[in-house]
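Structure file coords27.txt (compact mmCIF, all heavy atoms) follows.
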# COMPACT_ATOMS: atom_id res chain seq x y z
N MET A 171 57.31 0.63 2.50
CA MET A 171 56.92 2.03 2.38
C MET A 171 57.53 2.84 3.52
O MET A 171 58.03 3.93 3.31
CB MET A 171 55.40 2.15 2.39
CG MET A 171 54.94 3.57 2.22
SD MET A 171 53.18 3.73 1.98
CE MET A 171 52.67 3.97 3.63
N PHE A 172 57.50 2.30 4.74
CA PHE A 172 58.02 3.06 5.87
C PHE A 172 59.54 3.17 5.83
O PHE A 172 60.10 4.14 6.35
CB PHE A 172 57.55 2.44 7.18
CG PHE A 172 56.07 2.59 7.36
CD1 PHE A 172 55.24 1.49 7.27
CD2 PHE A 172 55.50 3.82 7.59
CE1 PHE A 172 53.87 1.61 7.41
CE2 PHE A 172 54.14 3.96 7.73
CZ PHE A 172 53.32 2.85 7.64
N ASP A 173 60.21 2.20 5.21
CA ASP A 173 61.66 2.31 5.04
C ASP A 173 62.01 3.50 4.16
O ASP A 173 62.98 4.20 4.41
CB ASP A 173 62.24 1.03 4.45
CG ASP A 173 62.19 -0.14 5.42
OD1 ASP A 173 62.20 0.12 6.65
OD2 ASP A 173 62.14 -1.28 4.95
N LYS A 174 61.19 3.73 3.14
CA LYS A 174 61.42 4.88 2.27
C LYS A 174 61.20 6.19 3.03
O LYS A 174 61.95 7.15 2.85
CB LYS A 174 60.51 4.82 1.05
CG LYS A 174 60.88 3.73 0.09
CD LYS A 174 59.98 3.74 -1.12
CE LYS A 174 60.31 2.62 -2.06
NZ LYS A 174 59.46 2.64 -3.25
N LEU A 175 60.18 6.23 3.89
CA LEU A 175 59.94 7.42 4.71
C LEU A 175 61.12 7.68 5.64
O LEU A 175 61.56 8.81 5.78
CB LEU A 175 58.67 7.26 5.54
CG LEU A 175 57.36 7.50 4.82
CD1 LEU A 175 56.20 7.13 5.72
CD2 LEU A 175 57.23 8.93 4.37
N LYS A 176 61.60 6.63 6.26
CA LYS A 176 62.73 6.76 7.18
C LYS A 176 63.95 7.29 6.44
O LYS A 176 64.62 8.20 6.91
CB LYS A 176 63.05 5.41 7.81
CG LYS A 176 64.17 5.45 8.79
CD LYS A 176 64.41 4.08 9.40
CE LYS A 176 65.62 4.10 10.29
NZ LYS A 176 65.94 2.77 10.81
N LYS A 177 64.21 6.74 5.26
CA LYS A 177 65.35 7.19 4.48
C LYS A 177 65.18 8.65 4.06
O LYS A 177 66.13 9.42 4.08
CB LYS A 177 65.52 6.31 3.24
CG LYS A 177 66.73 6.71 2.42
CD LYS A 177 66.90 5.84 1.20
CE LYS A 177 68.10 6.33 0.42
NZ LYS A 177 68.25 5.70 -0.86
N LEU A 178 63.96 9.03 3.70
CA LEU A 178 63.68 10.39 3.26
C LEU A 178 64.03 11.40 4.35
O LEU A 178 64.64 12.43 4.10
CB LEU A 178 62.21 10.53 2.86
CG LEU A 178 61.75 11.91 2.43
CD1 LEU A 178 62.40 12.30 1.11
CD2 LEU A 178 60.25 11.94 2.29
N PHE A 179 63.67 11.08 5.59
CA PHE A 179 63.89 12.03 6.67
C PHE A 179 65.24 11.88 7.36
O PHE A 179 65.74 12.82 7.95
CB PHE A 179 62.77 11.90 7.70
CG PHE A 179 61.46 12.41 7.17
CD1 PHE A 179 60.44 11.53 6.88
CD2 PHE A 179 61.26 13.75 6.94
CE1 PHE A 179 59.23 11.98 6.37
CE2 PHE A 179 60.06 14.21 6.43
CZ PHE A 179 59.05 13.33 6.14
N MET A 180 65.84 10.70 7.30
CA MET A 180 67.08 10.47 8.01
C MET A 180 68.32 10.68 7.14
O MET A 180 69.36 11.06 7.63
CB MET A 180 67.11 9.05 8.59
CG MET A 180 66.04 8.82 9.60
SD MET A 180 66.18 9.95 10.96
CE MET A 180 65.41 9.02 12.24
N ASP A 181 68.22 10.42 5.88
CA ASP A 181 69.39 10.46 5.00
C ASP A 181 69.38 11.73 4.17
O ASP A 181 69.06 11.72 3.00
CB ASP A 181 69.41 9.22 4.11
CG ASP A 181 70.70 9.08 3.34
OD1 ASP A 181 71.69 9.72 3.71
OD2 ASP A 181 70.72 8.30 2.36
N LYS A 182 69.72 12.82 4.77
CA LYS A 182 69.68 14.12 4.10
C LYS A 182 70.85 14.32 3.14
O LYS A 182 70.80 15.13 2.25
CB LYS A 182 69.69 15.26 5.13
CG LYS A 182 68.51 15.25 6.06
CD LYS A 182 67.31 15.83 5.41
CE LYS A 182 66.18 15.85 6.40
NZ LYS A 182 64.98 16.34 5.88
N GLN A 183 71.94 13.59 3.30
CA GLN A 183 73.14 13.83 2.52
C GLN A 183 73.01 13.42 1.06
O GLN A 183 73.45 14.13 0.17
CB GLN A 183 74.32 13.08 3.14
CG GLN A 183 74.66 13.60 4.52
CD GLN A 183 75.65 12.71 5.23
OE1 GLN A 183 75.96 11.62 4.76
NE2 GLN A 183 76.16 13.17 6.36
N ASP A 184 72.40 12.27 0.79
CA ASP A 184 72.31 11.75 -0.57
C ASP A 184 70.95 12.00 -1.21
O ASP A 184 70.58 11.34 -2.16
CB ASP A 184 72.60 10.25 -0.59
CG ASP A 184 74.06 9.96 -0.30
OD1 ASP A 184 74.89 10.85 -0.55
OD2 ASP A 184 74.35 8.85 0.18
N GLN A 185 70.23 12.97 -0.71
CA GLN A 185 68.88 13.21 -1.21
C GLN A 185 68.93 13.94 -2.55
O GLN A 185 69.57 14.97 -2.70
CB GLN A 185 68.12 14.06 -0.19
CG GLN A 185 66.68 13.79 -0.16
CD GLN A 185 66.02 14.58 0.95
OE1 GLN A 185 66.22 15.78 1.01
NE2 GLN A 185 65.26 13.93 1.77
N GLU A 186 68.25 13.37 -3.53
CA GLU A 186 68.14 14.00 -4.84
C GLU A 186 66.67 14.33 -5.08
O GLU A 186 65.80 13.89 -4.36
CB GLU A 186 68.65 13.05 -5.92
CG GLU A 186 70.13 12.75 -5.81
CD GLU A 186 70.60 11.81 -6.90
OE1 GLU A 186 69.81 11.53 -7.83
OE2 GLU A 186 71.74 11.37 -6.82
N ALA A 187 66.40 15.09 -6.12
CA ALA A 187 65.03 15.51 -6.41
C ALA A 187 64.10 14.31 -6.63
O ALA A 187 62.95 14.34 -6.23
CB ALA A 187 65.01 16.42 -7.63
N ASP A 188 64.59 13.27 -7.26
CA ASP A 188 63.75 12.10 -7.52
C ASP A 188 63.42 11.32 -6.26
O ASP A 188 62.44 10.60 -6.21
CB ASP A 188 64.45 11.16 -8.51
CG ASP A 188 64.57 11.79 -9.88
OD1 ASP A 188 63.81 12.73 -10.17
OD2 ASP A 188 65.43 11.34 -10.65
N ASP A 189 64.23 11.44 -5.22
CA ASP A 189 64.02 10.68 -3.99
C ASP A 189 63.02 11.34 -3.05
O ASP A 189 62.71 10.79 -2.01
CB ASP A 189 65.34 10.49 -3.24
CG ASP A 189 66.29 9.59 -4.00
OD1 ASP A 189 65.81 8.78 -4.82
OD2 ASP A 189 67.50 9.69 -3.77
N LYS A 190 62.50 12.50 -3.39
CA LYS A 190 61.60 13.21 -2.49
C LYS A 190 60.18 12.70 -2.56
O LYS A 190 59.34 13.09 -1.78
CB LYS A 190 61.63 14.70 -2.79
CG LYS A 190 62.96 15.34 -2.44
CD LYS A 190 62.94 16.82 -2.68
CE LYS A 190 64.29 17.42 -2.33
NZ LYS A 190 64.31 18.85 -2.55
N TYR A 191 59.90 11.83 -3.50
CA TYR A 191 58.55 11.31 -3.66
C TYR A 191 58.53 9.82 -3.32
O TYR A 191 59.44 9.09 -3.67
CB TYR A 191 58.05 11.52 -5.10
CG TYR A 191 57.93 12.98 -5.44
CD1 TYR A 191 58.95 13.65 -6.08
CD2 TYR A 191 56.81 13.69 -5.07
CE1 TYR A 191 58.85 14.99 -6.37
CE2 TYR A 191 56.69 15.04 -5.35
CZ TYR A 191 57.72 15.69 -6.01
OH TYR A 191 57.63 17.00 -6.28
N ILE A 192 57.49 9.42 -2.66
CA ILE A 192 57.33 8.02 -2.28
C ILE A 192 56.15 7.46 -3.05
O ILE A 192 55.06 8.03 -3.03
CB ILE A 192 57.08 7.90 -0.77
CG1 ILE A 192 58.27 8.43 -0.02
CG2 ILE A 192 56.79 6.47 -0.39
CD1 ILE A 192 58.04 8.58 1.46
N LEU A 193 56.39 6.37 -3.73
CA LEU A 193 55.31 5.74 -4.49
C LEU A 193 54.53 4.82 -3.57
O LEU A 193 55.08 3.97 -2.90
CB LEU A 193 55.88 4.94 -5.66
CG LEU A 193 56.64 5.76 -6.70
CD1 LEU A 193 57.24 4.83 -7.74
CD2 LEU A 193 55.71 6.76 -7.36
N VAL A 194 53.23 5.04 -3.53
CA VAL A 194 52.34 4.22 -2.72
C VAL A 194 51.46 3.44 -3.67
O VAL A 194 50.77 4.04 -4.51
CB VAL A 194 51.48 5.08 -1.77
CG1 VAL A 194 50.54 4.22 -0.97
CG2 VAL A 194 52.37 5.91 -0.86
N PRO A 195 51.45 2.12 -3.59
CA PRO A 195 50.58 1.34 -4.47
C PRO A 195 49.12 1.72 -4.28
O PRO A 195 48.69 2.04 -3.17
CB PRO A 195 50.81 -0.10 -4.02
CG PRO A 195 52.08 -0.09 -3.25
CD PRO A 195 52.24 1.28 -2.70
N GLU A 196 48.37 1.72 -5.36
CA GLU A 196 46.97 2.13 -5.30
C GLU A 196 46.17 1.26 -4.34
O GLU A 196 45.22 1.73 -3.72
CB GLU A 196 46.35 2.08 -6.69
CG GLU A 196 45.01 2.76 -6.76
CD GLU A 196 44.52 2.95 -8.18
OE1 GLU A 196 45.35 3.04 -9.09
OE2 GLU A 196 43.30 3.02 -8.34
N SER A 197 46.60 0.02 -4.17
CA SER A 197 45.88 -0.87 -3.26
C SER A 197 46.01 -0.44 -1.80
O SER A 197 45.20 -0.83 -0.96
CB SER A 197 46.41 -2.30 -3.41
OG SER A 197 47.78 -2.36 -3.07
N GLU A 198 47.02 0.38 -1.47
CA GLU A 198 47.21 0.85 -0.10
C GLU A 198 46.54 2.19 0.17
O GLU A 198 46.55 2.68 1.29
CB GLU A 198 48.70 0.96 0.22
CG GLU A 198 49.40 -0.37 0.29
CD GLU A 198 50.84 -0.23 0.72
OE1 GLU A 198 51.20 0.78 1.35
OE2 GLU A 198 51.61 -1.15 0.43
N ILE A 199 45.99 2.81 -0.86
CA ILE A 199 45.37 4.12 -0.72
C ILE A 199 43.89 3.93 -0.37
O ILE A 199 43.16 3.25 -1.06
CB ILE A 199 45.51 4.95 -2.00
CG1 ILE A 199 46.99 5.21 -2.28
CG2 ILE A 199 44.74 6.25 -1.89
CD1 ILE A 199 47.24 5.94 -3.57
N ASN A 200 43.46 4.57 0.70
CA ASN A 200 42.05 4.55 1.05
C ASN A 200 41.54 5.99 1.12
O ASN A 200 42.30 6.94 0.94
CB ASN A 200 41.81 3.79 2.36
CG ASN A 200 42.55 4.39 3.52
OD1 ASN A 200 42.76 5.60 3.57
ND2 ASN A 200 42.96 3.57 4.46
N GLU A 201 40.28 6.16 1.37
CA GLU A 201 39.68 7.49 1.36
C GLU A 201 40.27 8.40 2.43
O GLU A 201 40.47 9.60 2.20
CB GLU A 201 38.16 7.40 1.52
CG GLU A 201 37.47 6.78 0.33
CD GLU A 201 37.76 7.52 -0.97
OE1 GLU A 201 37.69 8.77 -0.98
OE2 GLU A 201 38.06 6.85 -1.97
N THR A 202 40.57 7.86 3.59
CA THR A 202 41.16 8.67 4.65
C THR A 202 42.53 9.18 4.23
O THR A 202 42.85 10.36 4.42
CB THR A 202 41.30 7.84 5.95
OG1 THR A 202 40.02 7.33 6.30
CG2 THR A 202 41.83 8.70 7.08
N LEU A 203 43.33 8.32 3.63
CA LEU A 203 44.65 8.73 3.16
C LEU A 203 44.53 9.80 2.08
O LEU A 203 45.27 10.79 2.09
CB LEU A 203 45.42 7.52 2.64
CG LEU A 203 46.83 7.77 2.12
CD1 LEU A 203 47.70 8.40 3.21
CD2 LEU A 203 47.45 6.49 1.63
N LYS A 204 43.57 9.63 1.17
CA LYS A 204 43.37 10.63 0.12
C LYS A 204 43.02 11.99 0.72
O LYS A 204 43.56 13.02 0.30
CB LYS A 204 42.25 10.19 -0.82
CG LYS A 204 42.63 9.06 -1.74
CD LYS A 204 41.46 8.69 -2.63
CE LYS A 204 41.76 7.49 -3.48
NZ LYS A 204 40.61 7.11 -4.32
N ARG A 205 42.12 12.02 1.72
CA ARG A 205 41.74 13.29 2.35
C ARG A 205 42.95 13.92 3.05
O ARG A 205 43.15 15.14 2.98
CB ARG A 205 40.61 13.07 3.35
CG ARG A 205 39.26 12.94 2.71
CD ARG A 205 38.15 13.06 3.75
NE ARG A 205 38.23 12.00 4.76
CZ ARG A 205 37.59 10.85 4.68
NH1 ARG A 205 36.80 10.60 3.66
NH2 ARG A 205 37.71 9.95 5.65
N ASP A 206 43.75 13.10 3.73
CA ASP A 206 44.92 13.62 4.42
C ASP A 206 45.94 14.21 3.44
O ASP A 206 46.53 15.26 3.70
CB ASP A 206 45.59 12.53 5.26
CG ASP A 206 44.75 12.12 6.45
OD1 ASP A 206 43.81 12.86 6.81
OD2 ASP A 206 45.05 11.06 7.04
N ILE A 207 46.11 13.55 2.31
CA ILE A 207 47.04 14.05 1.30
C ILE A 207 46.56 15.39 0.75
O ILE A 207 47.35 16.33 0.61
CB ILE A 207 47.21 13.02 0.16
CG1 ILE A 207 47.99 11.81 0.69
CG2 ILE A 207 47.92 13.64 -1.04
CD1 ILE A 207 48.03 10.64 -0.27
N VAL A 208 45.28 15.51 0.48
CA VAL A 208 44.73 16.78 -0.03
C VAL A 208 44.93 17.89 1.00
O VAL A 208 45.33 19.01 0.65
CB VAL A 208 43.24 16.61 -0.42
CG1 VAL A 208 42.60 17.96 -0.70
CG2 VAL A 208 43.10 15.68 -1.60
N LYS A 209 44.67 17.60 2.27
CA LYS A 209 44.86 18.61 3.32
C LYS A 209 46.32 19.04 3.40
O LYS A 209 46.61 20.24 3.52
CB LYS A 209 44.42 18.06 4.67
CG LYS A 209 42.93 17.94 4.83
CD LYS A 209 42.59 17.36 6.20
CE LYS A 209 41.12 17.06 6.34
NZ LYS A 209 40.80 16.43 7.62
N LEU A 210 47.24 18.09 3.33
CA LEU A 210 48.67 18.42 3.39
C LEU A 210 49.10 19.25 2.19
O LEU A 210 49.91 20.17 2.32
CB LEU A 210 49.51 17.15 3.48
CG LEU A 210 49.45 16.42 4.82
CD1 LEU A 210 50.14 15.07 4.71
CD2 LEU A 210 50.07 17.26 5.93
N GLU A 211 48.56 18.93 1.01
CA GLU A 211 48.88 19.73 -0.18
C GLU A 211 48.39 21.16 -0.02
O GLU A 211 49.08 22.11 -0.40
CB GLU A 211 48.26 19.09 -1.42
CG GLU A 211 48.95 17.81 -1.85
CD GLU A 211 48.26 17.13 -3.01
OE1 GLU A 211 47.08 17.43 -3.28
OE2 GLU A 211 48.90 16.28 -3.64
N GLU A 212 47.20 21.33 0.55
CA GLU A 212 46.66 22.68 0.77
C GLU A 212 47.52 23.45 1.76
O GLU A 212 47.80 24.64 1.56
CB GLU A 212 45.22 22.59 1.26
CG GLU A 212 44.25 22.09 0.20
CD GLU A 212 42.87 21.79 0.73
OE1 GLU A 212 42.65 21.88 1.96
OE2 GLU A 212 41.98 21.48 -0.07
N VAL A 213 47.94 22.79 2.83
CA VAL A 213 48.81 23.45 3.81
C VAL A 213 50.14 23.83 3.16
O VAL A 213 50.66 24.93 3.36
CB VAL A 213 49.05 22.53 5.04
CG1 VAL A 213 50.15 23.06 5.93
CG2 VAL A 213 47.76 22.36 5.81
N GLY A 214 50.69 22.93 2.35
CA GLY A 214 51.94 23.21 1.65
C GLY A 214 51.83 24.40 0.72
O GLY A 214 52.72 25.24 0.67
N GLU A 215 50.72 24.49 0.00
CA GLU A 215 50.50 25.63 -0.88
C GLU A 215 50.43 26.93 -0.10
O GLU A 215 50.99 27.95 -0.51
CB GLU A 215 49.22 25.44 -1.69
CG GLU A 215 49.31 24.43 -2.79
CD GLU A 215 48.00 24.28 -3.55
OE1 GLU A 215 47.17 25.19 -3.51
OE2 GLU A 215 47.83 23.23 -4.18
N THR A 216 49.75 26.91 1.04
CA THR A 216 49.63 28.10 1.87
C THR A 216 50.99 28.56 2.36
O THR A 216 51.33 29.74 2.31
CB THR A 216 48.70 27.82 3.07
OG1 THR A 216 47.43 27.40 2.57
CG2 THR A 216 48.52 29.06 3.91
N TYR A 217 51.81 27.62 2.83
CA TYR A 217 53.16 27.97 3.30
C TYR A 217 54.02 28.50 2.17
O TYR A 217 54.78 29.45 2.34
CB TYR A 217 53.84 26.79 3.97
CG TYR A 217 53.38 26.56 5.39
CD1 TYR A 217 52.84 25.34 5.76
CD2 TYR A 217 53.52 27.54 6.35
CE1 TYR A 217 52.41 25.12 7.07
CE2 TYR A 217 53.09 27.33 7.65
CZ TYR A 217 52.55 26.11 8.00
OH TYR A 217 52.13 25.91 9.28
N CYS A 218 53.92 27.91 0.99
CA CYS A 218 54.70 28.38 -0.16
C CYS A 218 54.36 29.81 -0.52
O CYS A 218 55.24 30.62 -0.81
CB CYS A 218 54.49 27.47 -1.35
SG CYS A 218 55.28 25.86 -1.21
N LYS A 219 53.07 30.11 -0.48
CA LYS A 219 52.63 31.47 -0.83
C LYS A 219 53.12 32.48 0.21
O LYS A 219 53.49 33.59 -0.12
CB LYS A 219 51.12 31.53 -0.93
CG LYS A 219 50.59 30.82 -2.16
CD LYS A 219 49.07 30.83 -2.19
CE LYS A 219 48.56 30.05 -3.38
NZ LYS A 219 47.08 29.96 -3.38
N SER A 220 53.14 32.08 1.50
CA SER A 220 53.55 33.02 2.55
C SER A 220 55.07 33.20 2.58
O SER A 220 55.55 34.23 3.02
CB SER A 220 53.05 32.55 3.91
OG SER A 220 53.71 31.36 4.29
N LEU A 221 55.80 32.22 2.09
CA LEU A 221 57.27 32.35 2.07
C LEU A 221 57.71 33.07 0.83
O LEU A 221 58.70 33.67 0.73
CB LEU A 221 57.92 30.98 2.15
CG LEU A 221 57.73 30.24 3.46
CD1 LEU A 221 58.35 28.84 3.36
CD2 LEU A 221 58.36 30.98 4.61
How does the structure come out when it is put into structure tokens?
Amino acid sequence: MFDKLKKLFMDKQDQEADDKYILVPESEINETLKRDIVKLEEVGETYCKSL
């Protein structure tokens, strides 16, 4: 999973729309991660609206 994150942020040249999402197995998702994802989505929505 972390290799995909590294590639996402380090390899800007070959980035396509499909590569912007990282699949996380459901077994690795816990409640803290779910809350963090929701918070990040809310922040992203706020920035999109302001831009």
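Counting from atom C of A:Ile192, the distance to atom N of A:Asp206 is 15.2 Å.
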* Hey, can you check how far atom CG of A:Lys219 sits from atom CG2 of A:Ile207? -> 17.4 Å
* To do: May I ask for the distance between atom O of A:Gly214 and atom CD2 of A:Leu193, given in Å to one decimal place?
  =>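 Computing it gives 20.4 Å between the two atoms.
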